[in-house]
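Listing of model12.cif, mmCIF, C-alpha atoms
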data_input
loop_
_atom_site.label_atom_id
_atom_site.label_comp_id
_atom_site.auth_asym_id
_atom_site.auth_seq_id
_atom_site.Cartn_x
_atom_site.Cartn_y
_atom_site.Cartn_z
CA MET A 1 18.51 4.24 17.08
CA THR A 2 14.99 5.34 17.82
CA SER A 3 14.86 9.05 18.51
CA PHE A 4 11.14 9.65 18.33
CA HIS A 5 8.11 8.23 20.02
CA PRO A 6 4.40 8.21 19.24
CA GLY A 7 2.93 11.68 19.75
CA ASP A 8 6.23 13.53 19.21
CA ARG A 9 6.02 16.54 16.91
CA VAL A 10 8.43 16.22 13.99
CA ARG A 11 9.31 17.95 10.77
CA VAL A 12 10.43 16.29 7.54
CA ARG A 13 13.86 17.64 6.63
CA ALA A 14 13.73 20.18 3.82
CA ALA A 15 16.87 18.68 2.36
CA GLU A 16 17.84 17.73 -1.16
CA LYS A 17 19.49 14.42 -1.91
CA PRO A 18 20.33 13.13 -5.36
CA GLY A 19 19.21 9.70 -6.50
CA HIS A 20 16.76 7.33 -4.86
CA VAL A 21 14.88 9.11 -2.07
CA ARG A 22 11.94 7.79 -0.06
CA ALA A 23 10.81 11.09 1.43
CA PRO A 24 8.30 12.61 -0.98
CA ASP A 25 8.92 16.24 -1.94
CA TYR A 26 5.45 17.33 -0.90
CA LEU A 27 6.29 16.53 2.72
CA LYS A 28 9.67 18.25 2.84
CA GLY A 29 9.65 20.95 5.51
CA ARG A 30 6.16 19.92 6.70
CA SER A 31 5.31 19.30 10.33
CA GLY A 32 3.43 16.34 11.69
CA TRP A 33 3.39 13.86 14.52
CA ILE A 34 4.76 10.36 15.08
CA SER A 35 1.80 8.02 14.77
CA SER A 36 3.67 4.76 15.32
CA ILE A 37 7.03 3.06 14.96
CA LEU A 38 6.93 0.58 12.09
CA GLY A 39 10.22 -1.12 12.80
CA HIS A 40 13.81 -1.13 11.63
CA PHE A 41 14.76 -1.75 8.02
CA PRO A 42 17.86 -1.60 5.84
CA ASN A 43 17.97 1.87 4.29
CA PRO A 44 16.22 1.53 0.90
CA GLU A 45 18.03 4.61 -0.37
CA ASP A 46 21.27 2.59 -0.16
CA LEU A 47 19.77 -0.76 -1.16
CA ALA A 48 18.77 0.88 -4.46
CA TYR A 49 22.47 1.10 -5.35
CA GLY A 50 23.43 -2.41 -4.34
CA LEU A 51 24.75 -1.33 -0.92
CA SER A 52 23.95 -3.21 2.28
CA GLY A 53 21.58 -0.58 3.65
CA MET A 54 23.14 -1.12 7.06
CA PRO A 55 22.85 0.00 9.75
CA GLU A 56 19.10 -0.42 9.77
CA ARG A 57 17.04 2.75 10.07
CA THR A 58 13.95 3.27 12.16
CA LEU A 59 10.83 3.73 10.06
CA TYR A 60 8.01 5.85 11.43
CA ARG A 61 4.45 6.33 10.40
CA VAL A 62 4.02 10.09 10.45
CA GLY A 63 0.67 11.90 10.45
CA PHE A 64 0.04 15.29 8.85
CA ARG A 65 -2.98 17.60 8.75
CA GLN A 66 -4.09 17.84 5.12
CA SER A 67 -4.91 21.53 5.59
CA GLY A 68 -1.23 22.10 6.43
CA LEU A 69 -0.01 20.38 3.27
CA TRP A 70 -2.09 21.95 0.53
CA ASP A 71 -3.36 25.46 -0.12
CA GLY A 72 -7.13 25.50 -0.37
CA TYR A 73 -7.52 21.85 0.67
CA GLU A 74 -11.13 20.70 0.24
CA GLY A 75 -12.29 18.86 3.33
CA PRO A 76 -12.73 19.15 7.08
CA ALA A 77 -9.88 20.10 9.41
CA GLY A 78 -9.70 16.51 10.64
CA ASP A 79 -8.63 15.12 7.27
CA ARG A 80 -5.12 13.76 7.54
CA LEU A 81 -2.40 12.00 5.65
CA TYR A 82 0.00 9.34 6.86
CA ALA A 83 3.33 8.58 5.26
CA ASP A 84 6.17 6.26 6.21
CA VAL A 85 9.31 8.29 6.83
CA TYR A 86 12.77 7.10 7.81
CA GLU A 87 14.57 8.46 10.84
CA HIS A 88 17.20 10.30 8.81
CA TRP A 89 14.52 12.41 7.14
CA LEU A 90 13.01 13.61 10.42
CA GLU A 91 13.95 16.32 12.88
CA PRO A 92 12.24 17.49 16.05
CA GLU A 93 9.81 20.28 15.27
CA GLY A 94 11.29 23.64 16.15
CA GLU A 95 14.82 22.83 15.03
CA GLN A 96 16.01 24.06 11.66
CA MET B 97 18.25 -9.76 -30.77
CA SER B 98 18.49 -13.25 -32.19
CA ASP B 99 21.73 -14.96 -32.96
CA GLY B 100 19.86 -17.65 -34.72
CA HIS B 101 20.19 -20.62 -32.38
CA PRO B 102 17.76 -23.05 -33.98
CA HIS B 103 16.83 -24.68 -30.65
CA GLU B 104 15.52 -21.45 -29.14
CA LYS B 105 11.80 -21.20 -28.65
CA VAL B 106 10.27 -18.36 -30.61
CA ARG B 107 8.22 -16.11 -28.37
CA HIS B 108 6.00 -13.32 -29.52
CA GLU B 109 7.16 -10.25 -27.67
CA ARG B 110 4.65 -7.51 -27.12
CA SER B 111 7.14 -4.77 -26.38
CA PRO B 112 10.85 -4.02 -26.10
CA TYR B 113 10.41 -4.28 -22.31
CA ALA B 114 9.11 -7.83 -22.62
CA ALA B 115 12.05 -8.68 -24.85
CA ARG B 116 14.46 -7.21 -22.31
CA ILE B 117 12.86 -9.20 -19.47
CA ARG B 118 13.08 -12.40 -21.52
CA ALA B 119 16.78 -11.70 -22.12
CA MET B 120 17.41 -11.09 -18.40
CA GLU B 121 15.48 -14.22 -17.50
CA ALA B 122 17.54 -16.27 -19.97
CA LEU B 123 20.78 -14.87 -18.55
CA LEU B 124 19.78 -15.54 -14.94
CA VAL B 125 18.93 -19.13 -15.81
CA GLU B 126 22.06 -19.58 -17.90
CA LYS B 127 24.26 -18.30 -15.07
CA GLY B 128 22.58 -20.62 -12.60
CA LEU B 129 21.14 -17.87 -10.39
CA LEU B 130 17.55 -18.99 -10.97
CA THR B 131 15.91 -22.02 -12.47
CA GLU B 132 12.97 -22.02 -14.86
CA ALA B 133 11.02 -23.92 -12.20
CA GLU B 134 11.63 -21.17 -9.63
CA ILE B 135 10.43 -18.55 -12.10
CA GLN B 136 7.29 -20.56 -12.89
CA ASP B 137 6.62 -21.10 -9.17
CA ARG B 138 6.88 -17.38 -8.54
CA ILE B 139 4.55 -16.59 -11.45
CA ALA B 140 2.05 -19.12 -10.10
CA TYR B 141 2.32 -17.51 -6.66
CA MET B 142 1.70 -14.03 -8.09
CA ASP B 143 -1.22 -15.27 -10.17
CA SER B 144 -2.79 -16.86 -7.08
CA ARG B 145 -3.00 -13.46 -5.40
CA SER B 146 -6.14 -11.52 -6.13
CA PRO B 147 -8.53 -9.11 -4.44
CA ALA B 148 -10.61 -12.17 -3.53
CA ASN B 149 -7.98 -12.90 -0.87
CA GLY B 150 -8.39 -9.46 0.65
CA ALA B 151 -12.16 -9.92 0.52
CA LYS B 152 -11.83 -13.17 2.49
CA LEU B 153 -9.87 -11.39 5.20
CA VAL B 154 -12.51 -8.68 5.40
CA ALA B 155 -15.44 -11.10 5.52
CA ARG B 156 -13.75 -13.08 8.31
CA ALA B 157 -13.07 -9.86 10.23
CA TRP B 158 -16.75 -8.87 9.88
CA THR B 159 -17.95 -12.16 11.32
CA ASP B 160 -15.23 -12.86 13.90
CA PRO B 161 -14.34 -9.93 16.19
CA GLU B 162 -11.31 -11.70 17.61
CA PHE B 163 -9.93 -12.32 14.12
CA LYS B 164 -10.52 -8.66 13.37
CA GLU B 165 -8.35 -7.66 16.33
CA ARG B 166 -5.59 -9.98 15.12
CA LEU B 167 -5.90 -8.62 11.57
CA LEU B 168 -5.51 -5.05 12.80
CA SER B 169 -2.63 -5.81 15.15
CA GLY B 170 -0.68 -8.27 12.97
CA ALA B 171 -2.02 -8.63 9.45
CA LYS B 172 0.67 -10.96 8.15
CA SER B 173 0.03 -13.69 10.68
CA ALA B 174 -3.74 -13.17 10.50
CA ALA B 175 -3.54 -13.69 6.72
CA GLY B 176 -1.62 -16.88 7.41
CA GLU B 177 -4.60 -18.19 9.41
CA LEU B 178 -6.61 -18.16 6.15
CA GLY B 179 -3.80 -19.83 4.25
CA LEU B 180 -2.61 -16.60 2.62
CA ASP B 181 1.16 -16.22 2.50
CA ALA B 182 1.94 -12.55 3.11
CA THR B 183 5.47 -13.15 4.33
CA HIS B 184 6.92 -11.51 1.20
CA GLU B 185 5.75 -8.11 2.41
CA ALA B 186 8.07 -6.30 4.79
CA GLU B 187 5.06 -5.03 6.70
CA LEU B 188 1.36 -5.42 6.02
CA ILE B 189 -0.95 -3.02 7.79
CA VAL B 190 -4.73 -3.11 7.69
CA VAL B 191 -6.43 0.22 8.40
CA GLU B 192 -10.01 0.14 9.61
CA ASN B 193 -12.79 2.34 8.31
CA THR B 194 -14.96 3.55 11.19
CA PRO B 195 -18.06 5.73 11.43
CA GLY B 196 -15.66 8.66 11.90
CA THR B 197 -12.80 7.88 9.48
CA HIS B 198 -12.54 6.66 5.90
CA ASN B 199 -9.16 5.40 4.67
CA LEU B 200 -7.60 5.68 1.22
CA ILE B 201 -4.38 4.01 0.03
CA VAL B 202 -1.89 5.42 -2.48
CA CYS B 203 1.81 5.21 -3.27
CA THR B 204 2.98 8.58 -4.56
CA LEU B 205 6.54 7.44 -5.20
CA CYS B 206 5.81 4.41 -7.38
CA SER B 207 3.17 1.69 -7.14
CA CYS B 208 3.60 0.03 -3.74
CA TYR B 209 0.58 -2.18 -3.17
CA PRO B 210 -0.22 -5.12 -0.86
CA ARG B 211 0.46 -7.61 -3.64
CA ALA B 212 0.73 -10.55 -1.28
CA VAL B 213 -2.97 -10.27 -0.51
CA LEU B 214 -4.42 -8.33 -3.45
CA GLY B 215 -2.25 -9.35 -6.39
CA ARG B 216 -1.22 -6.80 -8.98
CA PRO B 217 -2.47 -3.23 -8.71
CA PRO B 218 -4.92 -1.90 -11.30
CA ASP B 219 -3.37 0.35 -13.95
CA TRP B 220 -5.08 3.46 -12.62
CA TYR B 221 -3.43 2.92 -9.22
CA LYS B 222 -0.05 3.28 -10.93
CA SER B 223 -1.07 6.31 -13.00
CA PHE B 224 0.59 9.63 -12.36
CA GLU B 225 -2.86 11.20 -12.06
CA TYR B 226 -4.07 8.95 -9.23
CA ARG B 227 -0.75 9.10 -7.40
CA SER B 228 -0.66 12.89 -7.42
CA ARG B 229 -4.35 13.58 -6.85
CA ALA B 230 -5.10 10.98 -4.16
CA VAL B 231 -2.96 12.88 -1.67
CA ARG B 232 -3.93 16.40 -2.74
CA GLU B 233 -7.66 16.00 -3.36
CA PRO B 234 -8.74 12.57 -2.10
CA ARG B 235 -12.38 13.58 -1.86
CA ALA B 236 -12.54 14.63 -5.51
CA VAL B 237 -10.89 11.36 -6.53
CA MET B 238 -13.40 9.30 -4.54
CA ARG B 239 -16.30 11.26 -6.05
CA GLU B 240 -15.03 10.27 -9.48
CA PHE B 241 -15.23 6.65 -8.36
CA GLY B 242 -18.84 7.32 -7.39
CA PHE B 243 -18.25 7.44 -3.67
CA GLU B 244 -18.57 10.26 -1.17
CA PRO B 245 -18.01 9.82 2.58
CA GLU B 246 -20.97 10.82 4.71
CA GLU B 247 -21.11 14.21 6.36
CA GLY B 248 -18.72 14.42 9.29
CA VAL B 249 -16.50 11.54 8.21
CA GLU B 250 -12.80 12.41 8.11
CA VAL B 251 -10.56 11.08 5.36
CA ALA B 252 -7.18 9.53 6.18
CA VAL B 253 -4.85 9.00 3.21
CA HIS B 254 -2.00 6.50 3.56
CA ASP B 255 0.98 7.10 1.31
CA SER B 256 2.96 3.83 1.13
CA THR B 257 6.34 5.52 0.86
CA ALA B 258 8.56 2.84 2.35
CA ASP B 259 8.43 -0.75 3.61
CA ALA B 260 4.82 -1.04 4.73
CA ARG B 261 1.91 -2.01 2.49
CA TYR B 262 -1.63 -1.00 3.36
CA MET B 263 -5.08 -2.49 2.89
CA VAL B 264 -8.40 -1.01 3.98
CA LEU B 265 -10.83 -2.90 6.20
CA PRO B 266 -14.15 -1.41 5.09
CA MET B 267 -17.24 -1.26 7.30
CA ARG B 268 -19.81 -4.01 6.95
CA PRO B 269 -22.73 -2.51 5.05
CA PRO B 270 -26.10 -2.35 6.76
CA GLY B 271 -28.66 -4.89 5.60
CA THR B 272 -26.15 -7.77 5.51
CA GLU B 273 -26.90 -9.16 8.98
CA ASP B 274 -28.21 -12.45 7.62
CA MET B 275 -25.29 -13.06 5.27
CA GLY B 276 -22.61 -15.67 5.88
CA GLU B 277 -18.89 -15.19 5.42
CA GLU B 278 -18.73 -16.40 1.82
CA GLU B 279 -21.58 -14.23 0.66
CA LEU B 280 -20.15 -11.22 2.51
CA ALA B 281 -16.82 -11.69 0.72
CA THR B 282 -18.55 -11.22 -2.64
CA LEU B 283 -19.49 -7.67 -1.60
CA VAL B 284 -15.86 -6.63 -1.05
CA THR B 285 -14.36 -5.21 -4.22
CA ARG B 286 -10.76 -4.38 -4.99
CA ASP B 287 -11.68 -0.68 -5.05
CA ALA B 288 -13.11 -0.96 -1.52
CA LEU B 289 -9.84 -2.53 -0.33
CA ILE B 290 -7.94 0.46 -1.74
CA GLY B 291 -10.53 2.85 -0.31
CA VAL B 292 -11.80 4.61 -3.44
CA SER B 293 -15.15 2.97 -2.76
CA VAL B 294 -17.06 1.07 -0.09
CA PRO B 295 -18.91 -2.26 -0.17
CA LYS B 296 -22.62 -2.00 -0.80
CA ALA B 297 -25.36 -4.37 0.24
CA PRO B 298 -27.04 -5.96 -2.76
CA SER B 299 -30.36 -4.40 -3.60
CA ARG B 300 -33.19 -6.61 -2.40
CA ALA B 301 -35.75 -4.69 -4.39
CA GLY B 302 -37.77 -6.65 -6.91
#

The structure given in the file should be rewritten as structure tokens.
Amino acid sequence: MTSFHPGDRVRVRAAEKPGHVRAPDYLKGRSGWISSILGHFPNPEDLAYGLSGMPERTLYRVGFRQSGLWDGYEGPAGDRLYADVYEHWLEPEGEQ
Amino acid sequence: MSDGHPHEKVRHERSPYAARIRAMEALLVEKGLLTEAEIQDRIAYMDSRSPANGAKLVARAWTDPEFKERLLSGAKSAAGELGLDATHEAELIVVENTPGTHNLIVCTLCSCYPRAVLGRPPDWYKSFEYRSRAVREPRAVMREFGFEPEEGVEVAVHDSTADARYMVLPMRPPGTEDMGEEELATLVTRDALIGVSVPKAPSRAG
């Protein structure tokens, strides 16, 4: 399942999940854009516990404005950060 | 723990972790899941990886624009052209420094690193300090490495949070127009491939 496409505005889910998680806390609840689709991979959050990781999840490269991530960020407005985020951690921006 | 088998080789263990790894290795071999030869082959493979491999890719990209396009669009197969086996990485992505953008690589969650082309990461790359500060204040971190992007250059940080590994393709420094591929490769340091620094032309003074 590939729900998002390059350029789409997305938000990282502000959810808590125990155990092995690949969405860093500092991005939870933050908005960005889909930069590219990296492919489909077994879910590493399940692989970590010896499960199959199936079905495969779509992995996106997501861009964020640094000034939107950190208070008092030092650097120009164009500075950005890219992280690789799995489909199940993303929601369309605007939805809660 | 030793149960005193006289035929066992005595190894000097540096830490409890090393001892634990030796025990796991012995069990895997004993249960037939791995052979000693496979373990040695894998160690040899890991030891053959070094930043010199990344430097070769960069020097080729600087001298061959078509190779550069292939490196940026499909790094694994481009690495294969130079005899570098990057097939162990799920994804290998090369990000290009340009006059407008400087790239920096980090893994905030652990120590993900393009080992297939660069070998093992330096200790500082795995430190909590680098991992937390590279995303929050990348410019301060680069200054501490003695590097500051020029005025107007934007910084793009890449946090390797999942199945892709990243390497920076730095810009070819000015003053290197007469250099060949091998000499160019000597300018490309590990730190430049991570993005905390950039390659510098050797000083011709004196």

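You can rank A:Glu16, A:Glu91, A:Asp46, A:Asp79 by their closest distance to chain B using only C-alpha atoms, and at the top of that list sits A:Asp79.
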
Report as CSV: every residue of chain B with an atom at most 7 Å from chain A, its closest pair of atoms, and their distance in Å to one decimal, counting only C-alpha atoms, with rows sorted by chain and ascending residue number.
residue,atom,partner,partner_atom,distance
B:Leu205,CA,A:Pro24,CA,6.9
B:Arg232,CA,A:Trp70,CA,6.7
B:Glu233,CA,A:Glu74,CA,6.9
B:Glu250,CA,A:Asp79,CA,5.0
B:Val251,CA,A:Asp79,CA,4.9
B:Ala252,CA,A:Arg80,CA,4.9
B:Val253,CA,A:Leu81,CA,4.6
B:His254,CA,A:Tyr82,CA,4.8
B:Asp255,CA,A:Ala83,CA,4.8
B:Ser256,CA,A:Ala83,CA,6.3
B:Thr257,CA,A:Asp84,CA,5.4
B:Ala258,CA,A:Asp84,CA,5.7

Practice prompt. Give me the result of the PyMOL selection byres ((chain B and resi 212-229) around 7) on this file, residue by residue, as a list in words.
Written response: Met142, Arg145, Ser146, Pro147, Asn149, Gly150, Asp181, Ala182, His184, Glu185, Val202, Cys203, Thr204, Cys206, Ser207, Tyr209, Pro210, Arg211, Ala230, Val231, Arg232, Glu233, Pro234 and Val237 of chain B

Requested write-out: C-alpha atoms of the selected residues, as a PDB file, in the frame of the given file:
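Result saved to result02.pdb:
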ATOM      1  CA  MET B 142       1.700 -14.030  -8.090  1.00  0.00           C
ATOM      2  CA  ARG B 145      -3.000 -13.460  -5.400  1.00  0.00           C
ATOM      3  CA  SER B 146      -6.140 -11.520  -6.130  1.00  0.00           C
ATOM      4  CA  PRO B 147      -8.530  -9.110  -4.440  1.00  0.00           C
ATOM      5  CA  ASN B 149      -7.980 -12.900  -0.870  1.00  0.00           C
ATOM      6  CA  GLY B 150      -8.390  -9.460   0.650  1.00  0.00           C
ATOM      7  CA  ASP B 181       1.160 -16.220   2.500  1.00  0.00           C
ATOM      8  CA  ALA B 182       1.940 -12.550   3.110  1.00  0.00           C
ATOM      9  CA  HIS B 184       6.920 -11.510   1.200  1.00  0.00           C
ATOM     10  CA  GLU B 185       5.750  -8.110   2.410  1.00  0.00           C
ATOM     11  CA  VAL B 202      -1.890   5.420  -2.480  1.00  0.00           C
ATOM     12  CA  CYS B 203       1.810   5.210  -3.270  1.00  0.00           C
ATOM     13  CA  THR B 204       2.980   8.580  -4.560  1.00  0.00           C
ATOM     14  CA  CYS B 206       5.810   4.410  -7.380  1.00  0.00           C
ATOM     15  CA  SER B 207       3.170   1.690  -7.140  1.00  0.00           C
ATOM     16  CA  TYR B 209       0.580  -2.180  -3.170  1.00  0.00           C
ATOM     17  CA  PRO B 210      -0.220  -5.120  -0.860  1.00  0.00           C
ATOM     18  CA  ARG B 211       0.460  -7.610  -3.640  1.00  0.00           C
ATOM     19  CA  ALA B 230      -5.100  10.980  -4.160  1.00  0.00           C
ATOM     20  CA  VAL B 231      -2.960  12.880  -1.670  1.00  0.00           C
ATOM     21  CA  ARG B 232      -3.930  16.400  -2.740  1.00  0.00           C
ATOM     22  CA  GLU B 233      -7.660  16.000  -3.360  1.00  0.00           C
ATOM     23  CA  PRO B 234      -8.740  12.570  -2.100  1.00  0.00           C
ATOM     24  CA  VAL B 237     -10.890  11.360  -6.530  1.00  0.00           C
TER      25      VAL B 237
END

Discussion item. If we count only C-alpha atoms and set the cut-off at 9 Å, which residues sit around Arg11 (chain A), ignoring sequence neighbours fewer than 3 positions away in its own chain? Please answer as a list in words.
Written reply: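 The neighbour list is Ala14, Leu27, Lys28, Gly29, Arg30, Ser31, Gly32, Trp33, Trp89, Leu90, Glu91, Pro92, Glu93, Gly94 and Glu95 of chain A.
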
Worksheet item: In Å, with one decimal, what is the gap from CA of Leu280 (chain B) to CA of Ser299 (chain B)?
Response: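 According to the coordinates, CA of Leu280 (chain B) and CA of Ser299 (chain B) are separated by 13.7 Å.
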
Discussion item. Measuring between all atoms listed in the file, which one of A:Glu87, A:Gly68, A:Gly53, A:Ile37 shows the shortest distance to Ala260 (chain B)?
Written reply: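 Under the stated criterion, the closest residue is A:Ile37.
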
Take the PyMOL selection byres ((chain B and resi 246) around 10), apply it to the structure above, and return the hits as a short mmCIF file (atom, residue, chain, number, x, y, z; two decimals) with C-alpha atoms, in the coordinates of the input.
data_model
loop_
_atom_site.label_atom_id
_atom_site.label_comp_id
_atom_site.auth_asym_id
_atom_site.auth_seq_id
_atom_site.Cartn_x
_atom_site.Cartn_y
_atom_site.Cartn_z
CA PRO B 195 -18.06 5.73 11.43
CA GLY B 196 -15.66 8.66 11.90
CA THR B 197 -12.80 7.88 9.48
CA HIS B 198 -12.54 6.66 5.90
CA PHE B 243 -18.25 7.44 -3.67
CA GLU B 244 -18.57 10.26 -1.17
CA PRO B 245 -18.01 9.82 2.58
CA GLU B 247 -21.11 14.21 6.36
CA GLY B 248 -18.72 14.42 9.29
CA VAL B 249 -16.50 11.54 8.21
CA GLU B 250 -12.80 12.41 8.11
#

Worksheet item: Which distance in Å separates CA of Ala151 (chain B) and CA of Ile139 (chain B), to one decimal?
Response: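 Separating CA of Ala151 (chain B) from CA of Ile139 (chain B) is a distance of 21.6 Å.
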
Discussion item. Please enumerate the residues selected by the PyMOL selection byres ((chain B and resi 163) around 12) when evaluated against the supplied file, formatted as number ranges by chain.
Written reply: B: 152-162, 164-171, 173-178

Suppose we keep C-alpha atoms; can you now write the selection as a compact mmCIF listing (two decimals), keeping the file's coordinate frame?
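Output saved as again-v9.txt:
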# COMPACT_ATOMS: atom_id res chain seq x y z
CA LYS B 152 -11.83 -13.17 2.49
CA LEU B 153 -9.87 -11.39 5.20
CA VAL B 154 -12.51 -8.68 5.40
CA ALA B 155 -15.44 -11.10 5.52
CA ARG B 156 -13.75 -13.08 8.31
CA ALA B 157 -13.07 -9.86 10.23
CA TRP B 158 -16.75 -8.87 9.88
CA THR B 159 -17.95 -12.16 11.32
CA ASP B 160 -15.23 -12.86 13.90
CA PRO B 161 -14.34 -9.93 16.19
CA GLU B 162 -11.31 -11.70 17.61
CA LYS B 164 -10.52 -8.66 13.37
CA GLU B 165 -8.35 -7.66 16.33
CA ARG B 166 -5.59 -9.98 15.12
CA LEU B 167 -5.90 -8.62 11.57
CA LEU B 168 -5.51 -5.05 12.80
CA SER B 169 -2.63 -5.81 15.15
CA GLY B 170 -0.68 -8.27 12.97
CA ALA B 171 -2.02 -8.63 9.45
CA SER B 173 0.03 -13.69 10.68
CA ALA B 174 -3.74 -13.17 10.50
CA ALA B 175 -3.54 -13.69 6.72
CA GLY B 176 -1.62 -16.88 7.41
CA GLU B 177 -4.60 -18.19 9.41
CA LEU B 178 -6.61 -18.16 6.15

Discussion item. One number please: CA of Ile201 (chain B) to CA of Ser144 (chain B), in Å, one decimal.
Written reply: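 Interatomic distance, CA of Ile201 (chain B) to CA of Ser144 (chain B): 22.1 Å.
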
Discussion item. Residues near region 262-269 of chain B, anyone? I mean within 6 Å using all atoms listed in the file, not counting same-chain ones fewer than 3 positions away, as a list in words.
Written reply: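 My list of contacting residues is Leu188, Ile189, Val190, Val191, Glu192, Asn193, Leu289, Ile290, Lys296 and Ala297 of chain B.
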
Those same residues, written as a PDB file, keeping the file's coordinate frame with C-alpha atoms?
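Full text of out.pdb as output:
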ATOM      1  CA  LEU B 188       1.360  -5.420   6.020  1.00  0.00           C
ATOM      2  CA  ILE B 189      -0.950  -3.020   7.790  1.00  0.00           C
ATOM      3  CA  VAL B 190      -4.730  -3.110   7.690  1.00  0.00           C
ATOM      4  CA  VAL B 191      -6.430   0.220   8.400  1.00  0.00           C
ATOM      5  CA  GLU B 192     -10.010   0.140   9.610  1.00  0.00           C
ATOM      6  CA  ASN B 193     -12.790   2.340   8.310  1.00  0.00           C
ATOM      7  CA  LEU B 289      -9.840  -2.530  -0.330  1.00  0.00           C
ATOM      8  CA  ILE B 290      -7.940   0.460  -1.740  1.00  0.00           C
ATOM      9  CA  LYS B 296     -22.620  -2.000  -0.800  1.00  0.00           C
ATOM     10  CA  ALA B 297     -25.360  -4.370   0.240  1.00  0.00           C
TER      11      ALA B 297
END

Hey, what's within 8 Å of Gly7 (chain A) if we count all atoms listed in the file and toss same-chain stuff fewer than 2 positions away? As a compact mmCIF listing (two decimals) with C-alpha atoms, in the coordinates of the input, please?
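Heads up, here's the output in selection_25.txt:
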# COMPACT_ATOMS: atom_id res chain seq x y z
CA HIS A 5 8.11 8.23 20.02
CA ARG A 9 6.02 16.54 16.91
CA TRP A 33 3.39 13.86 14.52
CA ILE A 34 4.76 10.36 15.08
CA SER A 35 1.80 8.02 14.77
